[in-house]
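Okay, start16.csv is below, CSV, C-alpha atoms:
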```csv
chain,number,residue,atom,x,y,z
A,286,MET,CA,-30.9,157.3,-5.7
A,287,LYS,CA,-32.3,154.9,-8.4
A,288,TYR,CA,-29.6,152.3,-7.7
A,289,MET,CA,-30.2,152.6,-3.9
A,290,ILE,CA,-33.8,151.7,-4.4
A,291,LYS,CA,-32.8,148.6,-6.5
A,292,VAL,CA,-30.4,147.5,-3.8
A,293,ALA,CA,-33.1,148.0,-1.1
A,294,VAL,CA,-35.5,145.9,-3.1
A,295,LEU,CA,-33.0,143.0,-3.6
A,296,LEU,CA,-32.0,143.0,0.1
A,297,THR,CA,-35.6,143.0,1.2
A,298,ALA,CA,-36.4,140.1,-1.1
A,299,PHE,CA,-33.5,138.0,0.1
A,300,THR,CA,-34.4,138.6,3.8
A,301,LEU,CA,-38.1,137.8,3.4
A,302,VAL,CA,-37.7,134.6,1.4
A,303,PRO,CA,-36.1,132.6,4.2
A,304,ALA,CA,-38.8,133.8,6.6
A,305,LEU,CA,-41.5,132.7,4.2
A,306,ASN,CA,-39.7,129.3,3.8
A,307,ALA,CA,-39.7,128.8,7.5
A,308,ASN,CA,-43.5,129.3,7.6
A,309,ALA,CA,-44.0,126.8,4.8
A,310,GLN,CA,-41.9,124.2,6.6
A,311,GLU,CA,-44.0,124.6,9.7
A,312,GLY,CA,-47.1,123.3,7.8
A,313,THR,CA,-48.7,126.6,6.7
A,314,SER,CA,-52.3,126.1,5.6
A,315,TRP,CA,-53.3,127.2,2.1
A,316,PHE,CA,-57.0,126.9,1.6
A,317,GLY,CA,-57.3,124.2,4.2
A,318,ASP,CA,-54.4,122.1,2.9
A,319,THR,CA,-50.8,121.9,4.1
A,320,ALA,CA,-48.4,123.9,2.0
A,321,ASP,CA,-46.2,121.1,0.6
A,322,GLY,CA,-44.8,123.1,-2.3
A,323,ARG,CA,-41.5,125.0,-2.5
A,324,TRP,CA,-40.5,128.7,-2.6
A,325,LEU,CA,-38.5,130.0,-5.6
A,326,ALA,CA,-36.3,133.0,-6.1
A,327,GLY,CA,-34.2,134.0,-9.1
A,328,ILE,CA,-33.0,136.6,-11.6
A,329,LYS,CA,-33.2,137.1,-15.3
A,330,TYR,CA,-31.4,139.3,-17.8
A,331,GLY,CA,-32.7,140.3,-21.2
A,332,GLN,CA,-34.1,142.8,-23.7
A,333,VAL,CA,-37.3,144.8,-23.5
A,334,SER,CA,-38.9,146.2,-26.7
A,335,ASN,CA,-41.5,148.9,-27.0
A,336,ASP,CA,-43.7,148.9,-30.1
A,337,GLU,CA,-43.9,152.7,-30.4
A,338,GLN,CA,-42.0,154.2,-33.3
A,339,GLY,CA,-38.3,155.0,-32.7
A,340,PHE,CA,-37.8,153.2,-29.4
A,341,GLN,CA,-34.6,151.1,-29.4
A,342,ASP,CA,-34.6,147.9,-27.3
A,343,ALA,CA,-33.3,148.3,-23.7
A,344,ASP,CA,-31.3,146.0,-21.5
A,345,ALA,CA,-33.4,144.8,-18.5
A,346,TYR,CA,-33.1,142.7,-15.4
A,347,THR,CA,-35.9,140.9,-13.6
A,348,LEU,CA,-36.1,139.7,-10.0
A,349,VAL,CA,-38.4,136.6,-9.6
A,350,LEU,CA,-40.1,135.5,-6.4
A,351,GLY,CA,-42.7,132.8,-6.2
A,352,TYR,CA,-44.2,129.5,-4.9
A,353,GLN,CA,-44.2,126.2,-6.7
A,354,PHE,CA,-47.3,124.1,-5.9
A,355,ALA,CA,-46.7,120.4,-5.0
A,356,ARG,CA,-50.0,119.2,-6.5
A,357,GLU,CA,-49.7,118.1,-10.2
A,358,VAL,CA,-51.7,119.8,-12.8
A,359,GLY,CA,-52.4,118.9,-16.5
A,360,VAL,CA,-50.4,115.9,-17.7
A,361,ASN,CA,-48.1,115.4,-14.7
A,362,GLY,CA,-47.0,119.1,-14.9
A,363,SER,CA,-46.6,121.6,-12.1
A,364,SER,CA,-47.7,125.2,-11.5
A,365,ASN,CA,-46.1,128.3,-10.0
A,366,LEU,CA,-47.4,131.6,-8.7
A,367,GLU,CA,-44.6,134.1,-9.7
A,368,PHE,CA,-44.1,137.7,-9.0
A,369,GLU,CA,-41.6,139.5,-11.3
A,370,PHE,CA,-40.1,143.0,-10.9
A,371,THR,CA,-38.4,144.3,-14.1
A,372,ASP,CA,-36.2,147.4,-14.4
A,373,SER,CA,-34.5,148.5,-17.6
A,374,TYR,CA,-31.4,150.6,-18.4
A,375,GLU,CA,-32.0,153.8,-20.4
A,376,ALA,CA,-32.2,153.2,-24.2
A,377,ASP,CA,-32.2,155.7,-27.0
A,378,ARG,CA,-35.3,157.1,-28.8
A,379,ASN,CA,-34.7,157.9,-32.5
A,380,THR,CA,-36.4,161.3,-32.4
A,381,GLY,CA,-33.6,163.4,-33.8
A,382,PHE,CA,-33.0,165.2,-30.5
A,383,ALA,CA,-29.8,164.5,-28.6
A,384,GLY,CA,-30.2,162.9,-25.2
A,385,ASP,CA,-33.7,161.4,-25.9
A,386,ASN,CA,-34.1,158.1,-24.0
A,387,TRP,CA,-36.6,155.9,-22.3
A,388,ASP,CA,-36.7,153.2,-19.6
A,389,LEU,CA,-39.2,150.8,-18.1
A,390,ARG,CA,-40.2,149.6,-14.6
A,391,ALA,CA,-42.7,146.7,-14.5
A,392,TYR,CA,-44.4,144.5,-12.0
A,393,GLY,CA,-46.0,141.2,-13.1
A,394,LEU,CA,-48.0,138.5,-11.3
A,395,TYR,CA,-48.3,135.2,-13.2
A,396,LEU,CA,-49.8,131.7,-12.9
A,397,THR,CA,-47.6,129.3,-14.8
A,398,TYR,CA,-47.7,125.8,-16.1
A,399,GLN,CA,-44.5,123.8,-16.4
A,400,SER,CA,-44.5,120.5,-18.3
A,401,PRO,CA,-42.8,117.5,-16.7
A,402,GLY,CA,-39.2,116.4,-17.4
A,403,THR,CA,-35.7,117.6,-17.2
A,404,VAL,CA,-36.2,119.8,-20.3
A,405,TYR,CA,-39.6,121.5,-20.1
A,406,PHE,CA,-42.0,123.9,-21.7
A,407,LYS,CA,-43.4,126.7,-19.6
A,408,GLY,CA,-46.5,128.9,-20.3
A,409,LYS,CA,-47.7,131.8,-18.2
A,410,LEU,CA,-50.7,134.1,-17.9
A,411,GLY,CA,-51.2,137.1,-15.6
A,412,VAL,CA,-51.3,140.8,-15.2
A,413,LEU,CA,-48.5,143.3,-15.8
A,414,TYR,CA,-48.3,146.9,-14.5
A,415,SER,CA,-45.7,148.8,-16.6
A,416,ASP,CA,-44.4,152.4,-16.3
A,417,ILE,CA,-42.5,153.8,-19.3
A,418,ARG,CA,-40.6,157.0,-18.7
A,419,SER,CA,-39.2,159.2,-21.5
A,420,GLU,CA,-36.8,162.1,-21.2
A,421,THR,CA,-34.7,164.5,-23.2
A,422,ASN,CA,-31.4,165.8,-21.8
A,423,ASN,CA,-32.5,164.7,-18.2
A,424,ILE,CA,-35.8,166.6,-18.6
A,425,LYS,CA,-38.8,164.3,-18.0
A,426,LEU,CA,-41.1,164.4,-21.0
A,427,GLU,CA,-43.8,161.9,-20.1
A,428,THR,CA,-44.7,158.9,-18.1
A,429,GLU,CA,-47.0,156.2,-19.4
A,430,ASP,CA,-48.3,153.7,-16.9
A,431,ASP,CA,-50.6,150.9,-17.8
A,432,ALA,CA,-52.0,147.7,-16.2
A,433,ASN,CA,-53.0,145.0,-18.6
A,434,PHE,CA,-53.2,141.3,-19.5
A,435,ALA,CA,-49.8,139.6,-20.0
A,436,TYR,CA,-48.8,136.2,-21.3
A,437,GLY,CA,-45.6,134.3,-22.1
A,438,ALA,CA,-43.9,131.1,-23.0
A,439,GLY,CA,-40.4,129.6,-22.6
A,440,VAL,CA,-38.2,126.5,-22.3
A,441,GLY,CA,-36.1,125.4,-19.5
A,442,VAL,CA,-33.9,122.8,-18.0
A,443,VAL,CA,-33.8,121.4,-14.4
A,444,LEU,CA,-30.3,121.0,-12.9
A,445,GLY,CA,-28.7,120.1,-9.5
A,446,ALA,CA,-28.5,117.1,-7.4
A,447,ASN,CA,-31.8,118.0,-5.7
A,448,GLN,CA,-33.3,119.2,-9.0
A,449,ASN,CA,-33.7,122.6,-7.4
A,450,ILE,CA,-32.0,124.8,-10.1
A,451,ASN,CA,-34.0,125.9,-13.1
A,452,LEU,CA,-32.5,127.7,-16.1
A,453,GLU,CA,-35.0,129.3,-18.5
A,454,LEU,CA,-35.3,131.3,-21.7
A,455,ASP,CA,-38.7,133.0,-22.0
A,456,TYR,CA,-40.7,135.6,-23.8
A,457,THR,CA,-43.4,137.8,-22.1
A,458,ALA,CA,-45.7,140.2,-23.9
A,459,SER,CA,-48.4,142.5,-22.8
A,460,SER,CA,-51.5,144.0,-24.4
A,461,GLY,CA,-52.8,147.5,-23.9
A,462,ASP,CA,-51.3,151.0,-24.2
A,463,ASN,CA,-47.8,150.0,-23.2
A,464,ASP,CA,-47.3,147.3,-25.8
A,465,ILE,CA,-44.0,145.8,-24.6
A,466,GLY,CA,-42.1,142.5,-25.1
A,467,LEU,CA,-39.5,140.9,-22.9
A,468,VAL,CA,-37.0,138.3,-23.9
A,469,ASN,CA,-35.1,136.9,-20.8
A,470,LEU,CA,-32.5,134.4,-19.9
A,471,GLY,CA,-32.1,133.5,-16.3
A,472,GLY,CA,-32.9,131.0,-13.6
A,473,TYR,CA,-34.2,130.4,-10.2
A,474,ILE,CA,-33.7,128.1,-7.3
A,475,THR,CA,-36.4,126.3,-5.3
A,476,PHE,CA,-36.2,125.5,-1.6
```
Exercise: express the given structure as structure tokens:
Amino acid sequence: MKYMIKVAVLLTAFTLVPALNANAQEGTSWFGDTADGRWLAGIKYGQVSNDEQGFQDADAYTLVLGYQFAREVGVNGSSNLEFEFTDSYEADRNTGFAGDNWDLRAYGLYLTYQSPGTVYFKGKLGVLYSDIRSETNNIKLETEDDANFAYGAGVGVVLGANQNINLELDYTASSGDNDIGLVNLGGYITF
């Protein structure tokens, strides 16, 4: 069932993005101005760590959807509004009990700044809702959910003839009860 939900989320995302793109190309108005920016969609793969005692790092994947604003900010940089959905694979907890594991599901909304150039720096600020589930021998022990401030930084490179492919390495951290950190490698396309 868990994997069916993941497939449903991916299929929904890839059917909604072209519809959103068609609206942007028709001159959608954002705060009284025409939307001249570009939509973005991508995936990342990495490691998520939990600062609680005994939690091993877990493999995680992230789906990214967003909008890149056309208006320059800062020193000729650009900004994005990005939504990220992260899901992890089960990882062990070192508690001494067989079958102890944990996993994470997180939803983040970020405003980013990207420096100009083919090789760039990227910073992001936003909010992150995270849900950490722990279990022993398939018996649910506890669920810890938390919404808090999140921040991150990364480096990337722009590729493609139309400069519409971005590859990035980034780190995201959150504050609050669920003190997690994500290191991701991935990319997105803009259209």
>> Counting all atoms listed in the file, find residues at most 9 Å from (-41.2, 130.2, -26.7) (file frame) and give them as a PyMOL selection string.
In response: chain A and resi 406-408+437-440+454-456
> Do you have the CA of Asn433 in chain A-CA of Lys329 in chain A distance handy?
Replying inline: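 One can read the CA of Asn433 in chain A to CA of Lys329 in chain A distance as 21.6 Å.
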> In Å to one decimal, how far is CA of Ser460 in chain A from CA of Tyr346 in chain A?
Replying inline: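 These two atoms are separated by 20.5 Å.
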If we count all atoms listed in the file and set the cut-off at 9 Å, which residues sit around Asp336 in chain A, ignoring sequence neighbours fewer than 2 positions away in its own chain? Please answer as a short mmCIF file (atom, residue, chain, number, x, y, z; two decimals) with C-alpha atoms, keeping the file's coordinate frame.
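Saved file around25.cif follows:
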```
data_model
loop_
_atom_site.label_atom_id
_atom_site.label_comp_id
_atom_site.auth_asym_id
_atom_site.auth_seq_id
_atom_site.Cartn_x
_atom_site.Cartn_y
_atom_site.Cartn_z
CA SER A 334 -38.90 146.20 -26.70
CA GLN A 338 -42.00 154.20 -33.30
CA GLY A 339 -38.30 155.00 -32.70
CA PHE A 340 -37.80 153.20 -29.40
CA ASN A 463 -47.80 150.00 -23.20
CA ASP A 464 -47.30 147.30 -25.80
CA ILE A 465 -44.00 145.80 -24.60
CA GLY A 466 -42.10 142.50 -25.10
#
```
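Comparing A:Arg323, A:Tyr398, A:Glu420, A:Ala446 by their smallest distance to Gly362 in chain A, the closest is A:Tyr398 (using only C-alpha atoms).
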> Need the neighbours of (-36.5, 139.9, -11.5): which residues are at most 10 Å away, counting all atoms listed in the file, as a PyMOL selection string?
Replying inline: chain A and resi 295+326-330+345-350+368-372+391-393+469+471-473
> Could you work out how far CA of Thr457 in chain A lies from CA of Val404 in chain A, giving the answer in Å with one decimal?
Replying inline: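 Between these atoms lies a distance of 19.5 Å.
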Writing C-alpha atoms and nothing else, produce range 332-369 of chain A as a PDB file, in the first residue's frame.
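Saved as part-v2.pdb:
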```
ATOM      1  CA  GLN A 332      20.562  10.416   3.196  1.00  0.00           C
ATOM      2  CA  VAL A 333      18.444  11.634   6.096  1.00  0.00           C
ATOM      3  CA  SER A 334      19.839  11.721   9.623  1.00  0.00           C
ATOM      4  CA  ASN A 335      17.986  11.975  12.914  1.00  0.00           C
ATOM      5  CA  ASP A 336      19.849  13.490  15.882  1.00  0.00           C
ATOM      6  CA  GLU A 337      18.193  11.193  18.420  1.00  0.00           C
ATOM      7  CA  GLN A 338      20.445   8.591  20.039  1.00  0.00           C
ATOM      8  CA  GLY A 339      20.824   5.308  18.128  1.00  0.00           C
ATOM      9  CA  PHE A 340      19.144   6.282  14.846  1.00  0.00           C
ATOM     10  CA  GLN A 341      21.137   5.215  11.786  1.00  0.00           C
ATOM     11  CA  ASP A 342      20.950   7.306   8.611  1.00  0.00           C
ATOM     12  CA  ALA A 343      18.221   6.337   6.157  1.00  0.00           C
ATOM     13  CA  ASP A 344      18.136   6.453   2.359  1.00  0.00           C
ATOM     14  CA  ALA A 345      15.578   8.972   1.103  1.00  0.00           C
ATOM     15  CA  TYR A 346      14.177  10.297  -2.132  1.00  0.00           C
ATOM     16  CA  THR A 347      12.627  13.714  -2.716  1.00  0.00           C
ATOM     17  CA  LEU A 348      10.182  14.949  -5.339  1.00  0.00           C
ATOM     18  CA  VAL A 349      10.567  18.680  -6.158  1.00  0.00           C
ATOM     19  CA  LEU A 350       7.927  20.900  -7.788  1.00  0.00           C
ATOM     20  CA  GLY A 351       8.184  24.658  -8.041  1.00  0.00           C
ATOM     21  CA  TYR A 352       8.238  27.936  -9.897  1.00  0.00           C
ATOM     22  CA  GLN A 353      11.300  29.960 -10.944  1.00  0.00           C
ATOM     23  CA  PHE A 354      10.575  33.693 -10.965  1.00  0.00           C
ATOM     24  CA  ALA A 355      11.819  35.661 -13.982  1.00  0.00           C
ATOM     25  CA  ARG A 356      12.583  38.833 -12.033  1.00  0.00           C
ATOM     26  CA  GLU A 357      16.210  39.086 -10.873  1.00  0.00           C
ATOM     27  CA  VAL A 358      16.927  39.380  -7.153  1.00  0.00           C
ATOM     28  CA  GLY A 359      20.073  40.254  -5.244  1.00  0.00           C
ATOM     29  CA  VAL A 360      23.130  40.506  -7.460  1.00  0.00           C
ATOM     30  CA  ASN A 361      21.637  39.257 -10.758  1.00  0.00           C
ATOM     31  CA  GLY A 362      20.421  36.086  -9.031  1.00  0.00           C
ATOM     32  CA  SER A 363      17.105  34.298  -9.289  1.00  0.00           C
ATOM     33  CA  SER A 364      14.578  32.939  -6.832  1.00  0.00           C
ATOM     34  CA  ASN A 365      12.347  29.881  -6.747  1.00  0.00           C
ATOM     35  CA  LEU A 366       9.355  28.793  -4.749  1.00  0.00           C
ATOM     36  CA  GLU A 367       9.861  25.048  -4.200  1.00  0.00           C
ATOM     37  CA  PHE A 368       7.715  22.312  -2.685  1.00  0.00           C
ATOM     38  CA  GLU A 369       9.555  19.148  -1.646  1.00  0.00           C
TER      39      GLU A 369
END
```
